[in-house]
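Right, one structure below, let's go through it.
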Amino acid sequence: MSTIPFSVLDLAPVPEGFTPSDALANTTDLARQAERLGFTRYWLAEHHNMPGIASAATSVVIAHVAAHTSTIRLGSGGVMLPNHAPLVIAEQFGTLAALHPGRIDLGLGRAPGTDQRTAWALRRDLTGGGERFPQDVVELLAYFREAAPDQKIRAVPGAGLDVPVWLLGSSTYSAELAAHLGLPFAFASHFAPDMLLDALAIYRDRFQPSEYRATPHAMVAINAIAAETDEDAAFLFTSAQQAFVNLRRGMPGKLPAPRPMEGIWSQAEQAMVERSLACSAVGSQATITRQIARFIDQVRPDELMIAANIHDHAARKRSFEIVAAARDALSAEAEAA
């Protein structure tokens with residue numbers, strides 16, 4: 001096994017009994033801890049009309065977190081580009097890069113990050129959003145190049161700044177586009193694992209070297225819920241399981257407190273959740289170290305993105321401490337091999 005970077009994906013969860021202000025304070029605190037623990041990136045995701053997610057204004061949250069950290073890379077996992085004009089995103093992330101040089105990533109997705117009615121409220125026009133995604137990505141990339149002297153439209157700030165652009169996906173579509181454009185790629189296997197191996201194979205096999213990357217770089221997301229014992233971790237994981245059931249029932253809400261799942265889900269719902277959350281490491285440090293090692297051996301990612309929706313903030317921080325210890329143990333093992 002080779003040593004790979006570990007990063008953090010934060011949905012800024014709003015736990016039951018708390019407010020978005022509490023969630024954003026928790027995000028800032030967790031980002032500072034992630035920096036201390038040596039995680040490489042801290043990404044936030046764009047979702048809308050979700051009572052349990054506080055990062056809808058993703059670039060605003062990134063700016064706040066960046067102001068309260070100093071070294072960790074901050075970025076979007078991701079910005080849903082069909083919701084925005086490419087120039088607006090170039091200006092937003094150009095501004096972030098001007099304020100925090102060398103620390104800003106821009107991950108792009110083509111889903112709306114919400115339901116269709118909310119997507120209409122965001123865009124006022126649903127025609128061609130996803131279909132325009134490749135053209136919008138190319139336009140956005142152009143805004144980050146040095147502006148030509150006679151260029152009529154430019155991103156200020158943005159032009160000439162170092163803002164690595166990633167493509168995100170849960171299918172083979174963005175994998176193929178990332179390979180064609182020579183961009184790094186991140187796969188959302190923490191909630192949609194079915195096409196993971198196919199997407200990675202397509203990305204690696206078809207990757208075309210570009211001005212952005214000479215070689216492919218694939219980041220893969222996994223849920224990692226850690227505690228002192230396997231039983232404690234499994235109990236914490238029930239918050240994410242409940243949230244997934246509620247979402248599939250069309251009743252998204254705040255992140256539920258953990259509770260036994262008996263009587264909460266049907267057999268069909270349990271099977272659906274277990275399949276959707278199959279890329280998960282849940283347990284004590286020894287257990288998740290084995291599980292993460294097995295996952296890395298099977299998938300061979302270039303980087304691992306850790307998601308952990310845990311209701312109690314202290315337990316969430318402790319989980320990332322244990323994950324960092326697992327990462328360090330795997331690194332030591334790789335160096336000794």
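We name chains A, B, ... following the order of the structure tokens; residues begin at 1 in each chain, and ligands are numbered from 1 as shown.
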Using 12 Å as the limit and counting only C-alpha atoms, can you tabulate each residue of region 197-259 of chain A that touches region 64-85 of chain A, with its shortest atom-to-atom distance in Å and the two atoms involved, as a Markdown table?
```
| residue | atom | partner | partner_atom | distance |
| --- | --- | --- | --- | --- |
| A:Met219 | CA | A:Gly77 | CA | 11.1 |
| A:Val220 | CA | A:Gly77 | CA | 11.6 |
| A:Ala221 | CA | A:Gly77 | CA | 10.3 |
```
Dump N, CA, C and O atoms for the selected residues as an mmCIF file, in the first residue's frame?
```cif
data_model
loop_
_atom_site.group_PDB
_atom_site.id
_atom_site.type_symbol
_atom_site.label_atom_id
_atom_site.label_comp_id
_atom_site.auth_asym_id
_atom_site.auth_seq_id
_atom_site.Cartn_x
_atom_site.Cartn_y
_atom_site.Cartn_z
ATOM 1 N N MET A 219 -9.499 11.370 -6.790
ATOM 2 C CA MET A 219 -9.843 11.399 -5.373
ATOM 3 C C MET A 219 -11.184 10.684 -5.185
ATOM 4 O O MET A 219 -12.110 10.885 -5.967
ATOM 5 N N VAL A 220 -11.268 9.859 -4.158
ATOM 6 C CA VAL A 220 -12.446 9.036 -3.919
ATOM 7 C C VAL A 220 -12.957 9.310 -2.513
ATOM 8 O O VAL A 220 -12.176 9.380 -1.561
ATOM 9 N N ALA A 221 -14.272 9.474 -2.380
ATOM 10 C CA ALA A 221 -14.871 9.805 -1.083
ATOM 11 C C ALA A 221 -15.357 8.542 -0.384
ATOM 12 O O ALA A 221 -15.882 7.614 -1.006
#
```
**OP:** From a DSSP pass on the backbone, collect the residues of region 24-212 of chain A flagged as strand (DSSP E) and hand them back as a list in words.
**Re:**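 Put together, the selection reads Arg41, Tyr42, Trp43, Leu44, Arg73, Leu74, Gly75, Ser76, Gly77, Gly78, Val79, Met80, Ile104, Asp105, Leu106, Gly107, Leu108, Gly109, Val165, Trp166, Leu167, Leu168, Gly169, Phe185, Ala186 and Phe187 of chain A.
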Subject >> Spatial neighbours of Gln135 (chain A), max dist 12 Å, only C-alpha atoms, sep filter under 2 positions, as a VMD selection string >> reply: chain A and resid 81 to 82 85 to 86 110 128 to 133 137 to 142 177 181
Original post:
Just how far from CA of Val163 (chain A) is CA of Phe39 (chain A), in Å to one decimal?
Top reply: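 CA of Val163 (chain A) lies at a distance of 19.1 Å from CA of Phe39 (chain A).
Each of A:Phe187, A:Phe295, A:Phe237, A:Tyr143 was compared to Leu9 (chain A) using only C-alpha atoms, and A:Phe187 turns out to be the nearest.
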Original post:
So what do you get for CA of Leu330 (chain A) versus CA of Ala34 (chain A), distance-wise?
Top reply: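 Distance between the two atoms: 17.8 Å.
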